[in-house]
Amino acid sequence: MNEVKNNNIILRVENLTKLFGTKKTLAREMLKKGHDKEEILKHTGVTVAVNNVSFEVERGKVFVLIGLSGSGKSTVVRCINMLQPPTSGKIYFEGQDVESFSKSELLDYRRNKVSMVFQSFGLMSHRNVLNNVAFGLEIRGVKKSEREERAMEMISMVGLKGWEYSDISSLSGGMRQRVGIARALANNPDILLMDEPFSALDPLVRQDMQFELLSIQEKLNKTVIFITHDINEAFKLGDTVAIMRDGKIIQIDTPEGMSSNPADDYVRNFINSADKAQIYCVRSIMQTPTCLVRTRDGANHALKQMKINGVSSAFVVAEKMQFVGILTLENALKVRAGELAYQNAFIRDLPTTTPETHIADLIPIAAEASFPIAVVDENNQLSGIVTKASVLASLI
Ligand SMILES: Nc1ncnc2c1ncn2[C@@H]1O[C@H](COP(=O)(O)OP(=O)(O)O)[C@@H](O)[C@H]1O
Ligand SMILES: [Mg+2]
């Protein structure tokens with residue numbers, strides 16, 4: 001069937017269909033006639049979880065499956081590792097039909113070829129970090145010293161060195177997910193299957209984890225099949241992205257290709273609706289101001305602060321941290337030379353923003369701003385600053 005065999009394809013899914021329910025024959029006939037998922041469910045009680053899905057995953061690449069909840073992503077994953085047999089269609093791992101595996105081959109496939117990382121972490125709370133990571137090796141019968149050495153290596157790989165003997169309960173969500181990844185990596189699988197692994201994490205922790213995953217992937221050159229419902233995550237991580245709707249794949253492309261050439265309105269809306277700037281607020285990108293001076297301080301103090309912090313302007317605040325304006329290096333020098341009064345040296349009436357402002361709404365202000373923008377609360381107290389660079393970086 002395939003004219004050209006690409007040896008770089010580690011996994012191939014061919015016309016995968018998965019139906020849930022008893023009247024499958026009837027459902028299949030309706031599918032053939034082009035009825036949709038909803039009609040079929042209504043008429044037959046059968047759920048079309050996956051509908052004639054085909055794709056190929058290249059070795060060493062990140063393949064992302066994205067779609068709304070219920071679109072069939074997890075079912076595809078469960079068919080890949082044979083937790084659920086396909087209703088029809090084939091899955092080939094390195095050219096071998098995974099359904100034809102014997103019991104022991106299947107066990108080997110699940111333990112050594114594909115490793116799963118879940119959203120819910122699936123860690124054992126009565127074991128410490130080290131013993132969680134080493135668990136897979138333990139059930140494989142790897143001897144203690146060897147499995148602990150390997151586990152230690154993976155713990156350090158995910159940035160948890162020093163936490164080996166900590167209880168799982170003492171870790172944050174982000175750290176637990178790192179443990180989950182280390183555990184999956186400890187088996188040295190060919191493919192990491194990750195089903196919405198970061199969905200439960202805070203946006204900032206999530207960004208850290210995405211970065212971590214990319215650097216691990218680069219170091220170990222793993223193949224990753226990553227499931228998400230977040231288009232930003234999909235575009236950030238995926239070499240290839242497949243978008244699912246009602247059990248079907250409606251487009252497979254690179255992030256670039258999909259953005260510039262969406263297959264239909266559904267894909268276009270999906271991409272637009274998840275514009276980062278619409279989702280993230282100033283709070284997620286604001287920083288602590290490094291150089292603060294008070295209205296009662298003098299120019300010499302301000303100059304010293306600028307020098308210590310290596311900046312050429314300072315944020316000026318009143319007694320209770322109310323934002324007043326900015327003092328530039330130039331003006332501070334003029335004050336010291338007696339050419340300008342300290343109180344008149346501040347640039348006032350600068351644009352400000354609030355922690356709750358959407359980044360999208362800040363873009364026009366940031367584009368015009370000559371200085372970092374002050375983030376103030378309802379009492380005009382300075383809570384942080386945003387730089388033009390951080391606004392732009394959040395959009396990438
Ligand atoms: N074991 C099951 N029995 C019946 N229906 C199921 C089962 N698993 C999934 N489904 C249905 O299949 C569809 C796809 O589910 P799922 O693969 O979990 O989607 P996703 O992971 O994209 O949220 C949904 O309509 C879901 O209700
Ligand atoms: Mg799911």
# chains A, B, ... in the order shown; residues from 1 in each chain; ligands from 1
$ residues_near_ligand --ligand "ligand 1" --cutoff "7 Å" --atoms "only C-alpha atoms and all ligand atoms" --output "list in words"
Phe20, Gly21, Thr47, Val48, Ala49, Val50, Gly67, Leu68, Ser69, Gly70, Ser71, Gly72, Lys73, Ser74, Thr75, Val76 and Gly247 of chain A
$ write_last_selection --atoms "all heavy atoms" --output "mmCIF file, in the first residue's frame"
data_model
loop_
_atom_site.group_PDB
_atom_site.id
_atom_site.type_symbol
_atom_site.label_atom_id
_atom_site.label_comp_id
_atom_site.auth_asym_id
_atom_site.auth_seq_id
_atom_site.Cartn_x
_atom_site.Cartn_y
_atom_site.Cartn_z
ATOM 1 N N PHE A 20 -17.931 2.863 20.804
ATOM 2 C CA PHE A 20 -18.374 2.352 22.092
ATOM 3 C C PHE A 20 -19.875 2.116 22.038
ATOM 4 O O PHE A 20 -20.621 3.037 21.692
ATOM 5 C CB PHE A 20 -18.066 3.345 23.219
ATOM 6 C CG PHE A 20 -16.603 3.484 23.527
ATOM 7 C CD1 PHE A 20 -15.910 4.626 23.137
ATOM 8 C CD2 PHE A 20 -15.913 2.479 24.194
ATOM 9 C CE1 PHE A 20 -14.559 4.769 23.424
ATOM 10 C CE2 PHE A 20 -14.565 2.608 24.485
ATOM 11 C CZ PHE A 20 -13.892 3.752 24.093
ATOM 12 N N GLY A 21 -20.305 0.909 22.345
ATOM 13 C CA GLY A 21 -21.736 0.605 22.319
ATOM 14 C C GLY A 21 -21.955 -0.753 21.688
ATOM 15 O O GLY A 21 -21.002 -1.387 21.222
ATOM 16 N N THR A 47 -21.293 5.477 20.606
ATOM 17 C CA THR A 47 -20.430 6.658 20.561
ATOM 18 C C THR A 47 -19.295 6.421 19.580
ATOM 19 O O THR A 47 -18.566 5.434 19.691
ATOM 20 C CB THR A 47 -19.818 6.951 21.948
ATOM 21 O OG1 THR A 47 -20.878 7.181 22.866
ATOM 22 C CG2 THR A 47 -18.921 8.179 21.905
ATOM 23 N N VAL A 48 -19.196 7.319 18.611
ATOM 24 C CA VAL A 48 -18.058 7.256 17.691
ATOM 25 C C VAL A 48 -16.931 8.049 18.336
ATOM 26 O O VAL A 48 -16.863 9.263 18.213
ATOM 27 C CB VAL A 48 -18.415 7.868 16.321
ATOM 28 C CG1 VAL A 48 -17.243 7.750 15.361
ATOM 29 C CG2 VAL A 48 -19.665 7.221 15.757
ATOM 30 N N ALA A 49 -16.052 7.357 19.051
ATOM 31 C CA ALA A 49 -14.978 8.061 19.767
ATOM 32 C C ALA A 49 -13.872 8.459 18.804
ATOM 33 O O ALA A 49 -13.345 9.569 18.866
ATOM 34 C CB ALA A 49 -14.427 7.182 20.886
ATOM 35 N N VAL A 50 -13.513 7.536 17.902
ATOM 36 C CA VAL A 50 -12.472 7.814 16.908
ATOM 37 C C VAL A 50 -12.987 7.346 15.551
ATOM 38 O O VAL A 50 -13.502 6.232 15.426
ATOM 39 C CB VAL A 50 -11.154 7.088 17.260
ATOM 40 C CG1 VAL A 50 -10.093 7.354 16.199
ATOM 41 C CG2 VAL A 50 -10.639 7.537 18.623
ATOM 42 N N GLY A 67 -7.518 18.910 20.474
ATOM 43 C CA GLY A 67 -8.951 18.933 20.210
ATOM 44 C C GLY A 67 -9.682 19.233 21.502
ATOM 45 O O GLY A 67 -9.112 19.140 22.591
ATOM 46 N N LEU A 68 -10.955 19.585 21.382
ATOM 47 C CA LEU A 68 -11.753 19.869 22.569
ATOM 48 C C LEU A 68 -11.985 18.587 23.345
ATOM 49 O O LEU A 68 -11.774 17.484 22.825
ATOM 50 C CB LEU A 68 -13.091 20.484 22.162
ATOM 51 C CG LEU A 68 -13.015 21.813 21.413
ATOM 52 C CD1 LEU A 68 -14.414 22.265 21.019
ATOM 53 C CD2 LEU A 68 -12.320 22.866 22.263
ATOM 54 N N SER A 69 -12.453 18.730 24.551
ATOM 55 C CA SER A 69 -12.780 17.585 25.379
ATOM 56 C C SER A 69 -13.843 16.734 24.665
ATOM 57 O O SER A 69 -14.803 17.260 24.134
ATOM 58 C CB SER A 69 -13.316 18.097 26.715
ATOM 59 O OG SER A 69 -13.728 17.027 27.481
ATOM 60 N N GLY A 70 -13.612 15.433 24.635
ATOM 61 C CA GLY A 70 -14.567 14.531 23.988
ATOM 62 C C GLY A 70 -14.293 14.309 22.513
ATOM 63 O O GLY A 70 -15.004 13.546 21.848
ATOM 64 N N SER A 71 -13.251 14.930 21.975
ATOM 65 C CA SER A 71 -12.989 14.791 20.541
ATOM 66 C C SER A 71 -12.302 13.472 20.186
ATOM 67 O O SER A 71 -12.172 13.142 19.009
ATOM 68 C CB SER A 71 -12.172 15.978 20.029
ATOM 69 O OG SER A 71 -10.957 16.090 20.727
ATOM 70 N N GLY A 72 -11.844 12.727 21.191
ATOM 71 C CA GLY A 72 -11.323 11.388 20.916
ATOM 72 C C GLY A 72 -9.828 11.207 21.145
ATOM 73 O O GLY A 72 -9.273 10.142 20.876
ATOM 74 N N LYS A 73 -9.188 12.223 21.709
ATOM 75 C CA LYS A 73 -7.729 12.181 21.869
ATOM 76 C C LYS A 73 -7.276 11.034 22.757
ATOM 77 O O LYS A 73 -6.383 10.258 22.390
ATOM 78 C CB LYS A 73 -7.224 13.516 22.457
ATOM 79 C CG LYS A 73 -7.716 14.743 21.717
ATOM 80 C CD LYS A 73 -7.253 16.032 22.365
ATOM 81 C CE LYS A 73 -7.771 16.306 23.763
ATOM 82 N NZ LYS A 73 -9.230 16.546 23.856
ATOM 83 N N SER A 74 -7.880 10.936 23.932
ATOM 84 C CA SER A 74 -7.446 9.888 24.874
ATOM 85 C C SER A 74 -7.716 8.501 24.319
ATOM 86 O O SER A 74 -6.947 7.559 24.578
ATOM 87 C CB SER A 74 -8.168 10.045 26.214
ATOM 88 O OG SER A 74 -7.759 11.228 26.839
ATOM 89 N N THR A 75 -8.797 8.373 23.567
ATOM 90 C CA THR A 75 -9.097 7.064 22.988
ATOM 91 C C THR A 75 -8.004 6.657 21.992
ATOM 92 O O THR A 75 -7.597 5.495 21.956
ATOM 93 C CB THR A 75 -10.489 7.072 22.325
ATOM 94 O OG1 THR A 75 -11.443 7.533 23.276
ATOM 95 C CG2 THR A 75 -10.880 5.689 21.847
ATOM 96 N N VAL A 76 -7.522 7.623 21.217
ATOM 97 C CA VAL A 76 -6.419 7.319 20.299
ATOM 98 C C VAL A 76 -5.216 6.811 21.098
ATOM 99 O O VAL A 76 -4.609 5.785 20.754
ATOM 100 C CB VAL A 76 -6.026 8.572 19.458
ATOM 101 C CG1 VAL A 76 -4.739 8.318 18.680
ATOM 102 C CG2 VAL A 76 -7.153 8.949 18.512
ATOM 103 N N GLY A 247 -13.991 12.981 16.793
ATOM 104 C CA GLY A 247 -13.380 11.698 16.458
ATOM 105 C C GLY A 247 -12.563 11.684 15.184
ATOM 106 O O GLY A 247 -11.896 10.698 14.886
#
$ residues_around --residues "A:Arg150" --least-positions-apart "3" --cutoff "12 Å" --atoms "only C-alpha atoms" --output "list in words"
Leu130, Asn131, Val133, Ala134, Phe135, Gly136, Leu137, Glu138, Val142, Lys143, Lys144, Ser145, Glu146, Arg147, Glu153, Met154, Ile155, Ser156, Met157, Ala182, Arg183, Ala184, Leu185, Ala186, Asn187 and Asn188 of chain A
$ closest_residue --among "A:Leu204, A:Val267, A:Val375, A:Ile227" --to "A:Met321" --atoms "only C-alpha atoms"
A:Val375
$ select_by_dssp --residues "stretch 15-225 of chain A" --states "strand (DSSP E)" --output "JSON, numbers by chain"
{"A": [15, 16, 17, 18, 19, 20, 47, 48, 49, 50, 51, 52, 53, 54, 55, 56, 57, 58, 62, 63, 64, 65, 66, 67, 88, 89, 90, 91, 92, 93, 96, 97, 114, 115, 116, 117, 118, 191, 192, 193, 194, 195, 223, 224, 225]}
$ select_by_dssp --residues "stretch 56-89 of chain A" --states "helix (DSSP H, G or I)" --output "list in words"
Lys73, Ser74, Thr75, Val76, Val77, Arg78, Cys79 and Ile80 of chain A
$ write_last_selection --atoms "C-alpha atoms" --output "mmCIF file, in the first residue's frame"
data_model
loop_
_atom_site.group_PDB
_atom_site.id
_atom_site.type_symbol
_atom_site.label_atom_id
_atom_site.label_comp_id
_atom_site.auth_asym_id
_atom_site.auth_seq_id
_atom_site.Cartn_x
_atom_site.Cartn_y
_atom_site.Cartn_z
ATOM 1 C CA LYS A 73 -7.729 12.181 21.869
ATOM 2 C CA SER A 74 -7.446 9.888 24.874
ATOM 3 C CA THR A 75 -9.097 7.064 22.988
ATOM 4 C CA VAL A 76 -6.419 7.319 20.299
ATOM 5 C CA VAL A 77 -3.754 7.117 23.004
ATOM 6 C CA ARG A 78 -5.423 4.141 24.654
ATOM 7 C CA CYS A 79 -5.511 2.368 21.313
ATOM 8 C CA ILE A 80 -1.837 3.143 20.734
#
$ residues_around --residues "A:Met175" --least-positions-apart "4" --cutoff "10 Å" --atoms "only C-alpha atoms" --output "NGL selection string"
:A and (129 or 158-160 or 163 or 168 or 170-171 or 179-181 or 205 or 209)
$ write_last_selection --atoms "N, CA and C atoms" --output "short mmCIF file (atom, residue, chain, number, x, y, z; two decimals), in the first residue's frame"
data_model
loop_
_atom_site.label_atom_id
_atom_site.label_comp_id
_atom_site.auth_asym_id
_atom_site.auth_seq_id
_atom_site.Cartn_x
_atom_site.Cartn_y
_atom_site.Cartn_z
N VAL A 129 10.21 10.29 46.24
CA VAL A 129 10.47 10.62 44.84
C VAL A 129 11.28 9.51 44.17
N VAL A 158 15.16 16.06 35.26
CA VAL A 158 13.95 16.89 35.32
C VAL A 158 14.06 18.03 36.34
N GLY A 159 15.27 18.23 36.86
CA GLY A 159 15.50 19.38 37.74
C GLY A 159 15.07 19.17 39.18
N LEU A 160 15.08 17.93 39.64
CA LEU A 160 14.65 17.68 41.02
C LEU A 160 15.78 17.15 41.90
N TRP A 163 15.80 16.36 45.85
CA TRP A 163 14.45 16.02 46.34
C TRP A 163 14.22 14.51 46.37
N ILE A 168 6.11 12.56 48.33
CA ILE A 168 5.33 13.10 47.23
C ILE A 168 4.39 14.20 47.73
N SER A 170 4.81 16.41 49.84
CA SER A 170 5.44 17.71 50.12
C SER A 170 5.75 18.48 48.83
N LEU A 171 5.43 17.89 47.68
CA LEU A 171 5.78 18.55 46.41
C LEU A 171 4.62 19.34 45.82
N VAL A 179 8.21 14.52 38.55
CA VAL A 179 8.43 13.15 39.00
C VAL A 179 7.78 12.18 38.00
N GLY A 180 6.57 12.52 37.57
CA GLY A 180 5.87 11.68 36.59
C GLY A 180 6.67 11.50 35.31
N ILE A 181 7.29 12.58 34.86
CA ILE A 181 8.09 12.52 33.64
C ILE A 181 9.36 11.69 33.89
N VAL A 205 3.80 27.74 35.85
CA VAL A 205 4.42 26.43 36.08
C VAL A 205 4.35 25.63 34.78
N MET A 209 7.23 23.84 32.57
CA MET A 209 7.22 22.42 32.23
C MET A 209 7.35 22.21 30.72
#
$ decode --residues "stretch 175-186 of chain A" --atoms "all heavy atoms" --output "PDB file, in the first residue's frame"
ATOM      1  N   MET A 175       6.170  20.052  40.523  1.00  0.00           N
ATOM      2  CA  MET A 175       7.218  19.103  40.893  1.00  0.00           C
ATOM      3  C   MET A 175       6.723  17.659  40.745  1.00  0.00           C
ATOM      4  O   MET A 175       7.461  16.780  40.319  1.00  0.00           O
ATOM      5  CB  MET A 175       7.674  19.374  42.324  1.00  0.00           C
ATOM      6  CG  MET A 175       8.414  20.695  42.435  1.00  0.00           C
ATOM      7  SD  MET A 175       8.538  21.222  44.130  1.00  0.00           S
ATOM      8  CE  MET A 175      10.060  20.432  44.601  1.00  0.00           C
ATOM      9  N   ARG A 176       5.458  17.448  41.096  1.00  0.00           N
ATOM     10  CA  ARG A 176       4.912  16.093  40.938  1.00  0.00           C
ATOM     11  C   ARG A 176       4.923  15.679  39.477  1.00  0.00           C
ATOM     12  O   ARG A 176       5.203  14.529  39.143  1.00  0.00           O
ATOM     13  CB  ARG A 176       3.477  16.029  41.461  1.00  0.00           C
ATOM     14  CG  ARG A 176       3.436  16.066  42.955  1.00  0.00           C
ATOM     15  CD  ARG A 176       2.015  16.015  43.445  1.00  0.00           C
ATOM     16  NE  ARG A 176       1.992  16.553  44.796  1.00  0.00           N
ATOM     17  CZ  ARG A 176       1.015  16.353  45.641  1.00  0.00           C
ATOM     18  NH1 ARG A 176      -0.039  15.662  45.291  1.00  0.00           N
ATOM     19  NH2 ARG A 176       1.074  16.858  46.852  1.00  0.00           N
ATOM     20  N   GLN A 177       4.603  16.629  38.615  1.00  0.00           N
ATOM     21  CA  GLN A 177       4.595  16.283  37.201  1.00  0.00           C
ATOM     22  C   GLN A 177       6.013  15.992  36.715  1.00  0.00           C
ATOM     23  O   GLN A 177       6.211  15.138  35.850  1.00  0.00           O
ATOM     24  CB  GLN A 177       3.924  17.392  36.382  1.00  0.00           C
ATOM     25  CG  GLN A 177       3.573  16.970  34.962  1.00  0.00           C
ATOM     26  CD  GLN A 177       2.778  15.681  34.889  1.00  0.00           C
ATOM     27  OE1 GLN A 177       3.333  14.582  35.063  1.00  0.00           O
ATOM     28  NE2 GLN A 177       1.498  15.768  34.646  1.00  0.00           N
ATOM     29  N   ARG A 178       6.998  16.669  37.304  1.00  0.00           N
ATOM     30  CA  ARG A 178       8.385  16.350  36.967  1.00  0.00           C
ATOM     31  C   ARG A 178       8.714  14.911  37.375  1.00  0.00           C
ATOM     32  O   ARG A 178       9.401  14.191  36.654  1.00  0.00           O
ATOM     33  CB  ARG A 178       9.354  17.305  37.673  1.00  0.00           C
ATOM     34  CG  ARG A 178       9.382  18.683  37.054  1.00  0.00           C
ATOM     35  CD  ARG A 178      10.164  19.650  37.916  1.00  0.00           C
ATOM     36  NE  ARG A 178       9.842  21.010  37.515  1.00  0.00           N
ATOM     37  CZ  ARG A 178      10.627  21.768  36.730  1.00  0.00           C
ATOM     38  NH1 ARG A 178      11.776  21.319  36.314  1.00  0.00           N
ATOM     39  NH2 ARG A 178      10.251  22.973  36.385  1.00  0.00           N
ATOM     40  N   VAL A 179       8.210  14.523  38.553  1.00  0.00           N
ATOM     41  CA  VAL A 179       8.426  13.147  38.997  1.00  0.00           C
ATOM     42  C   VAL A 179       7.781  12.175  38.004  1.00  0.00           C
ATOM     43  O   VAL A 179       8.376  11.158  37.629  1.00  0.00           O
ATOM     44  CB  VAL A 179       7.856  12.907  40.423  1.00  0.00           C
ATOM     45  CG1 VAL A 179       8.058  11.451  40.848  1.00  0.00           C
ATOM     46  CG2 VAL A 179       8.503  13.849  41.425  1.00  0.00           C
ATOM     47  N   GLY A 180       6.574  12.517  37.569  1.00  0.00           N
ATOM     48  CA  GLY A 180       5.866  11.677  36.592  1.00  0.00           C
ATOM     49  C   GLY A 180       6.674  11.500  35.312  1.00  0.00           C
ATOM     50  O   GLY A 180       6.760  10.408  34.748  1.00  0.00           O
ATOM     51  N   ILE A 181       7.292  12.582  34.864  1.00  0.00           N
ATOM     52  CA  ILE A 181       8.093  12.518  33.640  1.00  0.00           C
ATOM     53  C   ILE A 181       9.364  11.691  33.885  1.00  0.00           C
ATOM     54  O   ILE A 181       9.727  10.849  33.069  1.00  0.00           O
ATOM     55  CB  ILE A 181       8.442  13.940  33.142  1.00  0.00           C
ATOM     56  CG1 ILE A 181       7.155  14.647  32.711  1.00  0.00           C
ATOM     57  CG2 ILE A 181       9.432  13.886  31.983  1.00  0.00           C
ATOM     58  CD1 ILE A 181       7.333  16.108  32.359  1.00  0.00           C
ATOM     59  N   ALA A 182       9.991  11.924  35.029  1.00  0.00           N
ATOM     60  CA  ALA A 182      11.214  11.168  35.353  1.00  0.00           C
ATOM     61  C   ALA A 182      10.907   9.673  35.402  1.00  0.00           C
ATOM     62  O   ALA A 182      11.683   8.842  34.920  1.00  0.00           O
ATOM     63  CB  ALA A 182      11.786  11.638  36.695  1.00  0.00           C
ATOM     64  N   ARG A 183       9.756   9.342  35.970  1.00  0.00           N
ATOM     65  CA  ARG A 183       9.380   7.935  36.065  1.00  0.00           C
ATOM     66  C   ARG A 183       9.184   7.326  34.679  1.00  0.00           C
ATOM     67  O   ARG A 183       9.624   6.205  34.407  1.00  0.00           O
ATOM     68  CB  ARG A 183       8.094   7.782  36.888  1.00  0.00           C
ATOM     69  CG  ARG A 183       7.706   6.335  37.098  1.00  0.00           C
ATOM     70  CD  ARG A 183       6.417   6.195  37.846  1.00  0.00           C
ATOM     71  NE  ARG A 183       5.373   6.993  37.208  1.00  0.00           N
ATOM     72  CZ  ARG A 183       4.151   7.128  37.693  1.00  0.00           C
ATOM     73  NH1 ARG A 183       3.828   6.546  38.824  1.00  0.00           N
ATOM     74  NH2 ARG A 183       3.268   7.858  37.055  1.00  0.00           N
ATOM     75  N   ALA A 184       8.528   8.085  33.799  1.00  0.00           N
ATOM     76  CA  ALA A 184       8.329   7.576  32.443  1.00  0.00           C
ATOM     77  C   ALA A 184       9.668   7.437  31.716  1.00  0.00           C
ATOM     78  O   ALA A 184       9.900   6.472  30.989  1.00  0.00           O
ATOM     79  CB  ALA A 184       7.397   8.508  31.671  1.00  0.00           C
ATOM     80  N   LEU A 185      10.568   8.402  31.956  1.00  0.00           N
ATOM     81  CA  LEU A 185      11.866   8.370  31.277  1.00  0.00           C
ATOM     82  C   LEU A 185      12.768   7.261  31.787  1.00  0.00           C
ATOM     83  O   LEU A 185      13.623   6.757  31.060  1.00  0.00           O
ATOM     84  CB  LEU A 185      12.588   9.715  31.456  1.00  0.00           C
ATOM     85  CG  LEU A 185      12.035  10.914  30.694  1.00  0.00           C
ATOM     86  CD1 LEU A 185      12.724  12.188  31.173  1.00  0.00           C
ATOM     87  CD2 LEU A 185      12.215  10.738  29.189  1.00  0.00           C
ATOM     88  N   ALA A 186      12.586   6.902  33.062  1.00  0.00           N
ATOM     89  CA  ALA A 186      13.460   5.896  33.678  1.00  0.00           C
ATOM     90  C   ALA A 186      13.411   4.574  32.916  1.00  0.00           C
ATOM     91  O   ALA A 186      14.399   3.847  32.840  1.00  0.00           O
ATOM     92  CB  ALA A 186      13.068   5.689  35.138  1.00  0.00           C
TER      93      ALA A 186
END
